[in-house]
Structures are given as C-alpha cells and as structure tokens.
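Q: Got work-v4.cif for you, mmCIF, C-alpha atoms and all ligand atoms:
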data_start
#
loop_
_atom_site.label_atom_id
_atom_site.label_comp_id
_atom_site.auth_asym_id
_atom_site.auth_seq_id
_atom_site.Cartn_x
_atom_site.Cartn_y
_atom_site.Cartn_z
CA MET A 488 8.14 16.42 14.83
CA ILE A 489 7.60 18.28 11.59
CA GLU A 490 5.55 21.34 10.92
CA ALA A 491 4.91 23.55 7.94
CA HIS A 492 3.49 27.01 8.31
CA ASN A 493 2.18 29.18 5.49
CA LEU A 494 3.95 26.98 2.95
CA ASP A 495 3.62 27.93 -0.72
CA ALA A 496 5.23 25.93 -3.52
CA PHE A 497 5.95 26.78 -7.13
CA TYR A 498 7.19 25.05 -10.26
CA GLY A 499 8.59 27.97 -12.24
CA GLN A 500 5.71 30.42 -12.60
CA SER A 501 3.08 27.85 -11.58
CA HIS A 502 1.83 28.41 -8.05
CA ILE A 503 0.94 24.90 -6.84
CA LEU A 504 0.52 24.99 -3.03
CA HIS A 505 -1.16 27.82 -1.14
CA SER A 506 -0.60 28.67 2.55
CA ILE A 507 -0.36 25.11 3.80
CA ASP A 508 -0.31 24.62 7.57
CA PHE A 509 0.59 21.09 8.58
CA HIS A 510 1.94 19.35 11.65
CA LEU A 511 2.89 15.84 12.64
CA ALA A 512 3.72 14.81 16.18
CA GLU A 513 6.29 12.19 17.13
CA GLY A 514 4.81 8.73 16.62
CA GLU A 515 1.92 9.89 14.46
CA SER A 516 0.91 8.64 11.03
CA VAL A 517 -0.99 11.15 8.92
CA ALA A 518 -2.63 10.82 5.49
CA LEU A 519 -2.81 13.45 2.79
CA LEU A 520 -5.71 12.76 0.47
CA GLY A 521 -6.72 14.48 -2.74
CA ARG A 522 -7.43 13.94 -6.38
CA ASN A 523 -4.82 13.70 -9.12
CA GLY A 524 -3.02 17.00 -9.33
CA ALA A 525 -4.22 18.27 -5.92
CA GLY A 526 -0.61 18.81 -4.84
CA LYS A 527 0.10 15.81 -2.61
CA SER A 528 3.45 14.86 -4.16
CA THR A 529 4.44 18.50 -4.35
CA PHE A 530 3.86 18.83 -0.62
CA LEU A 531 6.10 15.87 0.24
CA LYS A 532 8.77 17.14 -2.15
CA SER A 533 8.50 20.58 -0.54
CA LEU A 534 9.18 19.15 2.91
CA ILE A 535 12.41 17.49 1.75
CA ASP A 536 13.27 20.19 -0.83
CA ALA A 537 13.22 17.88 -3.84
CA GLY A 538 12.01 20.02 -6.74
CA PRO A 539 9.55 22.83 -6.12
CA THR A 540 10.56 26.30 -4.95
CA VAL A 541 9.16 26.73 -1.47
CA THR A 542 8.32 29.74 0.67
CA GLY A 543 7.09 29.73 4.26
CA GLN A 544 8.33 27.80 7.23
CA VAL A 545 9.28 24.15 7.57
CA ASN A 546 10.66 22.91 10.90
CA LEU A 547 11.92 19.44 11.78
CA LEU A 548 12.19 18.86 15.53
CA GLY A 549 12.12 22.60 16.03
CA GLU A 550 14.92 23.28 13.54
CA ASP A 551 14.20 25.63 10.65
CA LEU A 552 14.97 23.75 7.42
CA HIS A 553 15.08 26.85 5.23
CA GLN A 554 18.81 26.72 4.44
CA ILE A 555 19.18 22.96 4.70
CA GLN A 556 19.77 20.98 1.51
CA THR A 557 17.97 17.79 0.54
CA HIS A 558 20.78 15.36 1.41
CA LYS A 559 21.18 17.00 4.82
CA ARG A 560 17.46 16.68 5.43
CA ALA A 561 17.84 12.97 4.63
CA GLN A 562 20.70 12.76 7.12
CA MET A 563 18.44 14.43 9.67
CA GLY A 564 16.04 11.53 9.28
CA MET A 565 13.65 12.36 6.44
CA ALA A 566 12.98 9.70 3.81
CA LEU A 567 10.69 9.96 0.80
CA VAL A 568 9.50 6.89 -1.11
CA PRO A 569 8.43 8.43 -4.41
CA GLU A 570 5.32 7.52 -6.34
CA ASP A 571 7.32 6.11 -9.26
CA ARG A 572 9.36 3.93 -6.86
CA ARG A 573 12.67 4.45 -8.70
CA ILE A 574 13.89 0.87 -8.35
CA PHE A 575 17.27 0.39 -10.03
CA PRO A 576 16.33 -2.15 -12.70
CA MET A 577 19.79 -3.65 -13.20
CA LEU A 578 20.63 -3.98 -9.49
CA THR A 579 19.49 -6.87 -7.35
CA VAL A 580 16.91 -6.47 -4.60
CA ALA A 581 19.69 -6.73 -2.00
CA GLN A 582 21.73 -4.01 -3.76
CA ASN A 583 18.67 -1.77 -4.06
CA ILE A 584 18.13 -2.10 -0.31
CA GLU A 585 21.79 -1.43 0.50
CA ILE A 586 21.71 1.79 -1.52
CA GLY A 587 19.05 3.11 0.86
CA GLY A 588 21.60 3.01 3.67
CA HIS A 589 23.69 5.68 1.96
CA ALA A 590 21.01 8.29 2.68
CA ALA A 591 21.76 8.02 6.40
CA GLY A 592 24.46 10.15 7.94
CA LYS A 593 27.72 8.31 8.73
CA ASN A 594 27.01 8.02 12.44
CA ASN A 595 23.26 7.50 12.22
CA PRO A 596 21.84 4.08 12.98
CA ARG A 597 20.78 2.04 9.99
CA TYR A 598 19.14 -1.32 9.54
CA THR A 599 21.11 -4.29 8.21
CA LEU A 600 19.88 -6.34 5.26
CA ASP A 601 18.81 -9.05 7.74
CA ASP A 602 16.74 -6.54 9.75
CA VAL A 603 15.01 -5.38 6.58
CA VAL A 604 14.28 -8.91 5.42
CA GLU A 605 12.71 -9.62 8.80
CA MET A 606 10.40 -6.62 8.31
CA PHE A 607 9.67 -7.49 4.66
CA PRO A 608 9.63 -11.32 4.56
CA MET A 609 8.24 -11.31 1.02
CA LEU A 610 11.60 -9.93 -0.17
CA LYS A 611 13.62 -12.82 1.28
CA PRO A 612 13.30 -15.20 -1.69
CA LEU A 613 13.88 -12.29 -4.10
CA LEU A 614 17.18 -10.89 -2.80
CA SER A 615 19.23 -11.87 -5.85
CA ARG A 616 16.54 -10.99 -8.39
CA LEU A 617 17.06 -7.89 -10.56
CA GLY A 618 14.86 -4.85 -10.06
CA TYR A 619 13.22 -5.05 -13.47
CA GLN A 620 12.13 -8.63 -12.79
CA LEU A 621 9.80 -7.65 -9.92
CA SER A 622 6.02 -7.27 -9.97
CA GLY A 623 4.46 -3.92 -9.06
CA GLY A 624 3.70 -5.07 -5.50
CA GLN A 625 7.21 -6.43 -5.03
CA GLN A 626 8.64 -3.16 -6.34
CA GLN A 627 6.56 -1.17 -3.88
CA MET A 628 7.68 -3.33 -0.95
CA LEU A 629 11.28 -2.90 -2.12
CA ALA A 630 10.88 0.87 -2.46
CA ILE A 631 9.60 1.10 1.12
CA ALA A 632 12.28 -1.31 2.35
CA ARG A 633 14.92 0.90 0.73
CA GLY A 634 13.29 3.95 2.33
CA ILE A 635 13.54 2.56 5.85
CA VAL A 636 17.14 1.21 5.80
CA SER A 637 18.38 4.60 6.91
CA HIS A 638 16.16 4.28 10.04
CA PRO A 639 14.23 7.45 9.21
CA ARG A 640 12.57 9.56 11.84
CA LEU A 641 10.02 10.64 9.28
CA LEU A 642 8.95 8.26 6.50
CA MET A 643 6.99 9.80 3.64
CA LEU A 644 5.20 7.41 1.30
CA ASP A 645 3.81 8.86 -1.93
CA GLU A 646 0.73 6.88 -3.01
CA PRO A 647 2.10 3.50 -1.93
CA ALA A 648 -1.07 1.58 -2.83
CA GLU A 649 -1.34 2.98 -6.35
CA GLY A 650 -1.79 0.37 -9.05
CA LEU A 651 -1.64 -2.61 -6.69
CA ALA A 652 -4.10 -5.52 -6.55
CA PRO A 653 -6.42 -5.51 -3.48
CA VAL A 654 -4.70 -8.50 -1.87
CA ILE A 655 -1.31 -6.80 -2.19
CA VAL A 656 -2.77 -3.56 -0.80
CA ASP A 657 -3.88 -5.51 2.30
CA GLU A 658 -0.40 -6.96 2.68
CA LEU A 659 1.11 -3.49 2.26
CA ALA A 660 -1.23 -2.11 4.95
CA ASP A 661 -0.02 -4.82 7.36
CA THR A 662 3.60 -3.96 6.56
CA VAL A 663 3.05 -0.22 7.03
CA ASN A 664 1.28 -0.84 10.33
CA ALA A 665 4.12 -3.09 11.48
CA LEU A 666 6.55 -0.25 10.70
CA ARG A 667 4.40 2.15 12.72
CA LYS A 668 4.54 -0.17 15.71
CA GLY A 669 8.22 -0.96 15.26
CA GLY A 670 10.23 2.20 15.53
CA THR A 671 9.33 4.45 12.57
CA ARG A 672 8.65 7.57 14.53
CA GLY A 673 6.51 9.54 12.11
CA MET A 674 4.82 8.82 8.82
CA ILE A 675 3.12 10.89 6.13
CA LEU A 676 1.31 8.98 3.46
CA THR A 677 -0.38 10.44 0.39
CA GLU A 678 -3.22 8.41 -1.07
CA GLN A 679 -6.26 8.32 -3.27
CA ASN A 680 -7.20 4.97 -1.72
CA VAL A 681 -9.28 6.09 1.27
CA ASP A 682 -9.57 2.60 2.77
CA PHE A 683 -5.82 2.05 2.73
CA ALA A 684 -5.22 5.48 4.25
CA ARG A 685 -7.80 4.80 6.96
CA GLN A 686 -6.13 1.52 7.88
CA THR A 687 -2.66 3.00 8.16
CA THR A 688 -3.01 6.51 9.65
CA ASP A 689 -4.27 8.29 12.78
CA ARG A 690 -5.76 11.34 11.07
CA LEU A 691 -5.82 13.09 7.72
CA TYR A 692 -5.63 16.22 5.63
CA VAL A 693 -7.52 16.70 2.37
CA LEU A 694 -5.95 18.83 -0.34
CA ASP A 695 -7.78 20.38 -3.26
CA VAL A 696 -6.12 22.54 -5.91
CA GLY A 697 -3.15 23.11 -3.66
CA SER A 698 -5.03 24.13 -0.50
CA VAL A 699 -5.97 22.23 2.65
CA VAL A 700 -9.77 21.89 2.63
CA PHE A 701 -10.07 19.54 5.62
CA SER A 702 -7.94 18.48 8.54
CA GLY A 703 -9.14 16.17 11.29
CA THR A 704 -9.63 12.66 12.59
CA TRP A 705 -11.21 9.83 10.65
CA PRO A 706 -14.49 10.07 12.65
CA GLU A 707 -14.59 13.82 11.84
CA PHE A 708 -13.95 13.01 8.18
CA ASP A 709 -16.77 10.45 8.22
CA ALA A 710 -19.12 12.99 9.81
CA ASN A 711 -18.54 15.35 6.83
CA THR A 712 -20.41 13.19 4.39
CA ASP A 713 -19.87 15.45 1.37
CA LEU A 714 -16.05 15.48 1.57
CA ILE A 715 -15.59 12.37 -0.53
CA ASP A 716 -17.90 13.58 -3.29
CA ARG A 717 -16.51 17.11 -3.29
CA TYR A 718 -12.82 16.43 -3.09
CA LEU A 719 -12.00 12.79 -3.66
CA VAL A 720 -14.28 11.26 -6.27
CA LEU A 721 -12.65 11.52 -9.66
N1 LIG B 1 7.80 19.20 -12.24
C1 LIG B 1 6.68 19.89 -12.43
N2 LIG B 1 6.66 21.01 -13.17
C2 LIG B 1 5.53 21.73 -13.35
N3 LIG B 1 4.33 21.39 -12.80
C3 LIG B 1 4.30 20.29 -12.05
C4 LIG B 1 5.45 19.48 -11.83
N4 LIG B 1 5.09 18.43 -11.04
C5 LIG B 1 3.76 18.58 -10.78
N5 LIG B 1 3.29 19.69 -11.39
C6 LIG B 1 1.92 20.21 -11.31
O1 LIG B 1 1.65 20.47 -9.95
C7 LIG B 1 0.28 20.14 -9.66
C8 LIG B 1 0.27 19.21 -8.45
O2 LIG B 1 0.89 17.98 -8.84
P1 LIG B 1 1.21 16.83 -7.78
O3 LIG B 1 1.99 15.78 -8.50
O4 LIG B 1 1.78 17.42 -6.55
O5 LIG B 1 -0.26 16.31 -7.45
P2 LIG B 1 -0.71 15.00 -6.72
O6 LIG B 1 -1.83 15.38 -5.80
O7 LIG B 1 0.44 14.29 -6.13
O8 LIG B 1 -1.30 14.17 -7.93
P3 LIG B 1 -1.19 12.62 -8.30
O9 LIG B 1 -2.15 11.92 -7.41
O10 LIG B 1 -1.63 12.61 -9.73
O11 LIG B 1 0.22 12.22 -8.13
C9 LIG B 1 -0.31 19.54 -10.93
O12 LIG B 1 -1.04 20.55 -11.57
C10 LIG B 1 0.91 19.16 -11.74
O13 LIG B 1 0.64 19.25 -13.12
#
Represent the structure contained in this file as structure tokens.
Ligand SMILES: Nc1ncnc2c1ncn2[C@@H]1O[C@H](COP(=O)(O)OP(=O)(O)OP(=O)(O)O)[C@@H](O)[C@H]1O
A:
Amino acid sequence: MIEAHNLDAFYGQSHILHSIDFHLAEGESVALLGRNGAGKSTFLKSLIDAGPTVTGQVNLLGEDLHQIQTHKRAQMGMALVPEDRRIFPMLTVAQNIEIGGHAAGKNNPRYTLDDVVEMFPMLKPLLSRLGYQLSGGQQQMLAIARGIVSHPRLLMLDEPAEGLAPVIVDELADTVNALRKGGTRGMILTEQNVDFARQTTDRLYVLDVGSVVFSGTWPEFDANTDLIDRYLVL
C-alpha cells in the first residue's frame, strides 16, 4: 500500500532520518518503535508531507507522492493522528469528529457521526461536551475517531498510548484492533509502549537516531534479546 525507499528527512540543516526503507501491505498494521527523538514522528510526518523536507521515494498504491501536497495526500486516504492530539478545546466532541470528515475528498466515502459512535461507544455520552473538558484517554479516543471519519486507507497513529493509564491503554488496544478488523486497510503506529504495539500490530520496525536498526516480526524481535536494552530502554 505504501512504501518509502531511501527516505531522508531534514528540519532545516538538521538531518533527522537516514535512508529509510519501509513498506506496508494492504491490511497490515505495523509498529515503529524507538526512544524519544529516534525520529518516529518525523517519519510519519514525512509520509504525509507535514513539516520536514524529504528526499527519496514515497509511493502510495504505486503512485509517486513526490509532487503531491499534504491535503491531496489526505484526500488519497492518508490520515495522521498526531501525538499532541490537537483536539479543538472550544468545540464539542461531535463537532471535533465532524471536522475530521473535511479531510476526505468530496466524493470519498466517510463515516457518519452515528457510525463513529458505534466504533467508539465511550464517546456517546460525551458528544456535547467541549474538547477541553475531556480526560487524556477521552481525548485520545476522540483524536482517533476524528482521524477515521474520512475512512482512511492508511491510518497513522503517533504514540496513541502515551500518557494513558493502563486500563485505558487496554481499552485503546481493543478499539484499535476493532478498527483493524473493520475496514481500516492499513495502519502505522509509533510507540514506546512495546506491549501496546505488540497487541495491535503484525510486525515492527525499530528506529534509532533516525535509522532503521531492526525490521521483522514479533517472534523475530523477541529472538533478538538485546534489542530492547540497546534501542528501547530509556
Ligand atoms: N520541528 C522541528 N525542528 C527541528 N528539529 C525537530 C523538529 N521536530 C523534531 N525535531 C528533532 O528531530 C528528531 C526526531 O524527533 P521526532 O519527534 O521525530 O522523534 P520521536 O521518535 O517521535 O520522539 P518522541 O517519542 O519524543 O516523540 C529529534 O532530535 C527532534 O529534536
């Protein structure tokens, strides 16, 4: 579905990502693990062209994205739920969800508010509450709900479990897995929470200082017993 080849990314003079090769097949869910500052967010932003300057190749469904702007990439089915969630504090939950629909192209399918509430039942009693009145877990659910209204082909979640209580992380894992089963056709998820990533993805990449240092399945990751200590323990 999406592939990056020899991707480098820069913020001004700072060279952040180095020769990244990445691919995700239709229907797959893939994790990107790494410490703070490893380059996980930069990679997601590079795929959708939201900030860094990027060189190398990025293809979505075989189409070269080089000349394609961010909003067009969104219309082609890419959605990024950013780490800071960006909930509109003075809009209601329902309005925040509806705004997500604007990312879709005019003729693309999108979910209705009722569809979204069915997928995120915890939001149902909160629909008229204002964004700033939500807890961290509720905000994260809302951010993902807003990300999926446009019926994305590729859903990118940047550290969705960050800062959430364990019981909410479990609930979030169930929700993400339900999305995987129910029509989201590809998912990339960055995480520092290895257990959450393991529960919600098919395989993983590990990034360190802007380079891929491991790519494989979870059993292969587990067989490399030093990976966690070398690249993931803070
Ligand atoms: N807008 C920016 N301008 C300059 N440098 C940036 C910018 N955003 C990130 N960086 C730098 O790029 C590097 C990678 O950051 P990035 O946010 O991609 O890492 P990350 O793996 O997502 O980390 P975290 O888990 O802390 O979010 C870091 O050194 C960071 O300081």
Q: For Ile584 of chain A, which of A:Leu621, A:Ile631, A:Met565, A:Val517 is the closest residue, counting all atoms listed in the file?
A: A:Ile631
Q: Identify, on the basis of all atoms listed in the file, every residue whose closest approach to segment 697-705 of chain A does not exceed 7 Å; exclude the query and any residue fewer than 3 positions from it along the same chain; express the result as a PyMOL selection string.
A: chain A and resi 503-505+507+525-526+689-694+708-709
Q: Keeping only C-alpha atoms, write the selected residues to a file as a PDB file, in the coordinates of the input.
A:
ATOM      1  CA  ILE A 503       0.940  24.900  -6.840  1.00  0.00           C
ATOM      2  CA  LEU A 504       0.520  24.990  -3.030  1.00  0.00           C
ATOM      3  CA  HIS A 505      -1.160  27.820  -1.140  1.00  0.00           C
ATOM      4  CA  ILE A 507      -0.360  25.110   3.800  1.00  0.00           C
ATOM      5  CA  ALA A 525      -4.220  18.270  -5.920  1.00  0.00           C
ATOM      6  CA  GLY A 526      -0.610  18.810  -4.840  1.00  0.00           C
ATOM      7  CA  ASP A 689      -4.270   8.290  12.780  1.00  0.00           C
ATOM      8  CA  ARG A 690      -5.760  11.340  11.070  1.00  0.00           C
ATOM      9  CA  LEU A 691      -5.820  13.090   7.720  1.00  0.00           C
ATOM     10  CA  TYR A 692      -5.630  16.220   5.630  1.00  0.00           C
ATOM     11  CA  VAL A 693      -7.520  16.700   2.370  1.00  0.00           C
ATOM     12  CA  LEU A 694      -5.950  18.830  -0.340  1.00  0.00           C
ATOM     13  CA  PHE A 708     -13.950  13.010   8.180  1.00  0.00           C
ATOM     14  CA  ASP A 709     -16.770  10.450   8.220  1.00  0.00           C
TER      15      ASP A 709
END
Q: Closest to ligand LIG 1 (chain B) among A:Thr557, A:Gln544, A:Asn523, A:Asn664, using only C-alpha atoms and all ligand atoms?
A: A:Asn523
Q: Neighbouring residues of Glu513 of chain A were defined as those with any atom within 9 Å, considering all atoms listed in the file; residues of the same chain fewer than 2 positions away were excluded. Please report them as a list in words.
A: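 The neighbour list is Met488, Ile489, Leu511, Glu515, Ser516, Arg640, Leu641, Arg672 and Gly673 of chain A.
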Q: Residues within 7 Å of ligand LIG 1 (chain B) should be enumerated using only C-alpha atoms and all ligand atoms and returned as a list of chain:residue names.
A: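 Residues satisfying the distance criterion: A:Tyr498, A:Ser501, A:Ile503, A:Gly521, A:Arg522, A:Asn523, A:Gly524, A:Ala525, A:Gly526, A:Lys527, A:Ser528, A:Thr529, A:Phe530, A:Gly538, A:Gln679.
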Q: Which residues, written as a list in words, have at least one atom at most 7 Å from Phe509 of chain A, with all atoms listed in the file counted and residues fewer than 3 positions away on the same chain left out?
A: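 So the residues in contact are Glu490, Ala491 and His492 of chain A.
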Q: Excluding same-chain residues fewer than 5 positions from Gln554 of chain A, what lies within 12 Å of it counting only C-alpha atoms, as a PyMOL selection string?
A: chain A and resi 535-536+541-542+544-546+559-560
Q: Those selected residues, please, written with C-alpha atoms and delivered as a PDB file, keeping the file's coordinate frame.
A:
ATOM      1  CA  ILE A 535      12.410  17.490   1.750  1.00  0.00           C
ATOM      2  CA  ASP A 536      13.270  20.190  -0.830  1.00  0.00           C
ATOM      3  CA  VAL A 541       9.160  26.730  -1.470  1.00  0.00           C
ATOM      4  CA  THR A 542       8.320  29.740   0.670  1.00  0.00           C
ATOM      5  CA  GLN A 544       8.330  27.800   7.230  1.00  0.00           C
ATOM      6  CA  VAL A 545       9.280  24.150   7.570  1.00  0.00           C
ATOM      7  CA  ASN A 546      10.660  22.910  10.900  1.00  0.00           C
ATOM      8  CA  LYS A 559      21.180  17.000   4.820  1.00  0.00           C
ATOM      9  CA  ARG A 560      17.460  16.680   5.430  1.00  0.00           C
TER      10      ARG A 560
END
Q: I'd like the neighbourhood of Thr599 of chain A as a list of chain:residue names, where a residue qualifies if any of its atoms comes within 9 Å (using all atoms listed in the file), though same-chain residues fewer than 4 positions away should be ignored.
A: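 After dropping sequence-adjacent residues, the list is A:Glu585, A:Gly588, A:Val603, A:Val604, A:Val636.
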Q: Name the closest residue to Ile586 of chain A among the candidates A:Leu567, A:Ile555, A:Leu610, A:Leu600; distances are taken between atoms, counting all atoms listed in the file.
A: A:Leu600
Q: For a test of reading the model, state the distance in Å between atom CA of Gln686 of chain A and atom CA of Gly669 of chain A, rounded to one decimal.
A: 16.3 Å
Q: Take atom CA of Val696 of chain A and atom CA of Val656 of chain A and report the distance between them in Å, one decimal.
A: 26.8 Å
Q: Between A:His553, A:Gly587, A:Leu714, A:Pro576, single out the one closest to Val681 of chain A, counting all atoms listed in the file.
A: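 Of the candidates, the smallest distance to Val681 of chain A is held by A:Leu714.
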Q: Nearest residue to Leu494 of chain A out of A:Met606, A:Leu547, A:Leu534, A:Val568, using all atoms listed in the file?
A: A:Leu534
Q: Between atom CA of Ala652 of chain A and atom CA of Ser637 of chain A, what is the distance, to one decimal in Å?
A: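 These two atoms are separated by 28.1 Å.
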Q: Box in all listed atoms of segment 569-581 of chain A, axis-aligned, with 8 Å more on each side; write out centre and edge lengths in Å to one decimal as JSON.
A:
{"center_x": 13.0, "center_y": 0.8, "center_z": -7.6, "size_x": 31.3, "size_y": 31.3, "size_z": 27.2}
Q: Have a look at A:Ile675, A:Ile635, A:Leu520, A:Leu617 and name the one nearest to Gln582 of chain A; count only C-alpha atoms.
A: A:Leu617
Q: Please, could N, CA and C atoms be added to segment 680-715 of chain A and the result written as a PDB file, keeping the file's coordinate frame?
A:
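Listing of selection.pdb after writing:
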ATOM      1  N   ASN A 680      -6.489   6.125  -2.238  1.00  0.00           N
ATOM      2  CA  ASN A 680      -7.200   4.970  -1.720  1.00  0.00           C
ATOM      3  C   ASN A 680      -7.584   5.247  -0.254  1.00  0.00           C
ATOM      4  N   VAL A 681      -8.838   5.663  -0.059  1.00  0.00           N
ATOM      5  CA  VAL A 681      -9.280   6.090   1.270  1.00  0.00           C
ATOM      6  C   VAL A 681      -9.207   4.939   2.275  1.00  0.00           C
ATOM      7  N   ASP A 682      -9.566   3.734   1.835  1.00  0.00           N
ATOM      8  CA  ASP A 682      -9.570   2.600   2.770  1.00  0.00           C
ATOM      9  C   ASP A 682      -8.164   2.290   3.262  1.00  0.00           C
ATOM     10  N   PHE A 683      -7.205   2.324   2.340  1.00  0.00           N
ATOM     11  CA  PHE A 683      -5.820   2.050   2.730  1.00  0.00           C
ATOM     12  C   PHE A 683      -5.334   3.130   3.706  1.00  0.00           C
ATOM     13  N   ALA A 684      -5.646   4.382   3.384  1.00  0.00           N
ATOM     14  CA  ALA A 684      -5.220   5.480   4.250  1.00  0.00           C
ATOM     15  C   ALA A 684      -5.844   5.342   5.645  1.00  0.00           C
ATOM     16  N   ARG A 685      -7.100   4.952   5.675  1.00  0.00           N
ATOM     17  CA  ARG A 685      -7.800   4.800   6.960  1.00  0.00           C
ATOM     18  C   ARG A 685      -7.159   3.710   7.808  1.00  0.00           C
ATOM     19  N   GLN A 686      -6.732   2.647   7.142  1.00  0.00           N
ATOM     20  CA  GLN A 686      -6.130   1.520   7.880  1.00  0.00           C
ATOM     21  C   GLN A 686      -4.757   1.849   8.435  1.00  0.00           C
ATOM     22  N   THR A 687      -4.085   2.837   7.846  1.00  0.00           N
ATOM     23  CA  THR A 687      -2.660   3.000   8.160  1.00  0.00           C
ATOM     24  C   THR A 687      -2.317   4.347   8.816  1.00  0.00           C
ATOM     25  N   THR A 688      -3.322   5.185   9.080  1.00  0.00           N
ATOM     26  CA  THR A 688      -3.010   6.510   9.650  1.00  0.00           C
ATOM     27  C   THR A 688      -3.922   6.844  10.826  1.00  0.00           C
ATOM     28  N   ASP A 689      -3.497   7.847  11.610  1.00  0.00           N
ATOM     29  CA  ASP A 689      -4.270   8.290  12.780  1.00  0.00           C
ATOM     30  C   ASP A 689      -5.260   9.388  12.424  1.00  0.00           C
ATOM     31  N   ARG A 690      -4.882  10.242  11.470  1.00  0.00           N
ATOM     32  CA  ARG A 690      -5.760  11.340  11.070  1.00  0.00           C
ATOM     33  C   ARG A 690      -5.361  11.774   9.663  1.00  0.00           C
ATOM     34  N   LEU A 691      -6.046  12.787   9.135  1.00  0.00           N
ATOM     35  CA  LEU A 691      -5.820  13.090   7.720  1.00  0.00           C
ATOM     36  C   LEU A 691      -6.007  14.563   7.391  1.00  0.00           C
ATOM     37  N   TYR A 692      -5.400  14.932   6.284  1.00  0.00           N
ATOM     38  CA  TYR A 692      -5.630  16.220   5.630  1.00  0.00           C
ATOM     39  C   TYR A 692      -6.199  15.912   4.245  1.00  0.00           C
ATOM     40  N   VAL A 693      -7.075  16.796   3.757  1.00  0.00           N
ATOM     41  CA  VAL A 693      -7.520  16.700   2.370  1.00  0.00           C
ATOM     42  C   VAL A 693      -7.055  17.948   1.647  1.00  0.00           C
ATOM     43  N   LEU A 694      -6.425  17.722   0.496  1.00  0.00           N
ATOM     44  CA  LEU A 694      -5.950  18.830  -0.340  1.00  0.00           C
ATOM     45  C   LEU A 694      -6.827  18.951  -1.569  1.00  0.00           C
ATOM     46  N   ASP A 695      -7.090  20.171  -1.983  1.00  0.00           N
ATOM     47  CA  ASP A 695      -7.780  20.380  -3.260  1.00  0.00           C
ATOM     48  C   ASP A 695      -7.169  21.609  -3.911  1.00  0.00           C
ATOM     49  N   VAL A 696      -6.772  21.472  -5.149  1.00  0.00           N
ATOM     50  CA  VAL A 696      -6.120  22.540  -5.910  1.00  0.00           C
ATOM     51  C   VAL A 696      -5.090  23.294  -5.054  1.00  0.00           C
ATOM     52  N   GLY A 697      -4.278  22.523  -4.369  1.00  0.00           N
ATOM     53  CA  GLY A 697      -3.150  23.110  -3.660  1.00  0.00           C
ATOM     54  C   GLY A 697      -3.461  23.737  -2.315  1.00  0.00           C
ATOM     55  N   SER A 698      -4.696  23.584  -1.820  1.00  0.00           N
ATOM     56  CA  SER A 698      -5.030  24.130  -0.500  1.00  0.00           C
ATOM     57  C   SER A 698      -5.589  23.022   0.397  1.00  0.00           C
ATOM     58  N   VAL A 699      -5.369  23.174   1.702  1.00  0.00           N
ATOM     59  CA  VAL A 699      -5.970  22.230   2.650  1.00  0.00           C
ATOM     60  C   VAL A 699      -7.447  22.592   2.808  1.00  0.00           C
ATOM     61  N   VAL A 700      -8.327  21.630   2.499  1.00  0.00           N
ATOM     62  CA  VAL A 700      -9.770  21.890   2.630  1.00  0.00           C
ATOM     63  C   VAL A 700     -10.376  21.135   3.809  1.00  0.00           C
ATOM     64  N   PHE A 701      -9.609  20.233   4.410  1.00  0.00           N
ATOM     65  CA  PHE A 701     -10.070  19.540   5.620  1.00  0.00           C
ATOM     66  C   PHE A 701      -8.862  19.033   6.369  1.00  0.00           C
ATOM     67  N   SER A 702      -8.950  19.098   7.691  1.00  0.00           N
ATOM     68  CA  SER A 702      -7.940  18.480   8.540  1.00  0.00           C
ATOM     69  C   SER A 702      -8.662  17.957   9.776  1.00  0.00           C
ATOM     70  N   GLY A 703      -8.466  16.697  10.102  1.00  0.00           N
ATOM     71  CA  GLY A 703      -9.140  16.170  11.290  1.00  0.00           C
ATOM     72  C   GLY A 703      -8.930  14.680  11.435  1.00  0.00           C
ATOM     73  N   THR A 704      -9.717  14.107  12.333  1.00  0.00           N
ATOM     74  CA  THR A 704      -9.630  12.660  12.590  1.00  0.00           C
ATOM     75  C   THR A 704     -10.515  11.924  11.591  1.00  0.00           C
ATOM     76  N   TRP A 705     -10.361  10.621  11.546  1.00  0.00           N
ATOM     77  CA  TRP A 705     -11.210   9.830  10.650  1.00  0.00           C
ATOM     78  C   TRP A 705     -12.684   9.936  11.036  1.00  0.00           C
ATOM     79  N   PRO A 706     -13.065   9.878  12.330  1.00  0.00           N
ATOM     80  CA  PRO A 706     -14.490  10.070  12.650  1.00  0.00           C
ATOM     81  C   PRO A 706     -15.001  11.448  12.204  1.00  0.00           C
ATOM     82  N   GLU A 707     -14.163  12.480  12.319  1.00  0.00           N
ATOM     83  CA  GLU A 707     -14.590  13.820  11.840  1.00  0.00           C
ATOM     84  C   GLU A 707     -14.759  13.816  10.325  1.00  0.00           C
ATOM     85  N   PHE A 708     -13.841  13.135   9.632  1.00  0.00           N
ATOM     86  CA  PHE A 708     -13.950  13.010   8.180  1.00  0.00           C
ATOM     87  C   PHE A 708     -15.261  12.305   7.814  1.00  0.00           C
ATOM     88  N   ASP A 709     -15.563  11.223   8.529  1.00  0.00           N
ATOM     89  CA  ASP A 709     -16.770  10.450   8.220  1.00  0.00           C
ATOM     90  C   ASP A 709     -18.039  11.262   8.499  1.00  0.00           C
ATOM     91  N   ALA A 710     -17.950  12.177   9.482  1.00  0.00           N
ATOM     92  CA  ALA A 710     -19.120  12.990   9.810  1.00  0.00           C
ATOM     93  C   ALA A 710     -19.399  14.048   8.733  1.00  0.00           C
ATOM     94  N   ASN A 711     -18.381  14.392   7.946  1.00  0.00           N
ATOM     95  CA  ASN A 711     -18.540  15.350   6.830  1.00  0.00           C
ATOM     96  C   ASN A 711     -18.857  14.559   5.566  1.00  0.00           C
ATOM     97  N   THR A 712     -20.087  14.185   5.412  1.00  0.00           N
ATOM     98  CA  THR A 712     -20.410  13.190   4.390  1.00  0.00           C
ATOM     99  C   THR A 712     -20.167  13.675   2.957  1.00  0.00           C
ATOM    100  N   ASP A 713     -20.070  14.979   2.764  1.00  0.00           N
ATOM    101  CA  ASP A 713     -19.870  15.450   1.370  1.00  0.00           C
ATOM    102  C   ASP A 713     -18.403  15.534   0.966  1.00  0.00           C
ATOM    103  N   LEU A 714     -17.471  15.299   1.903  1.00  0.00           N
ATOM    104  CA  LEU A 714     -16.050  15.480   1.570  1.00  0.00           C
ATOM    105  C   LEU A 714     -15.597  14.568   0.437  1.00  0.00           C
ATOM    106  N   ILE A 715     -16.035  13.318   0.496  1.00  0.00           N
ATOM    107  CA  ILE A 715     -15.590  12.370  -0.530  1.00  0.00           C
ATOM    108  C   ILE A 715     -16.080  12.818  -1.892  1.00  0.00           C
TER     109      ILE A 715
END
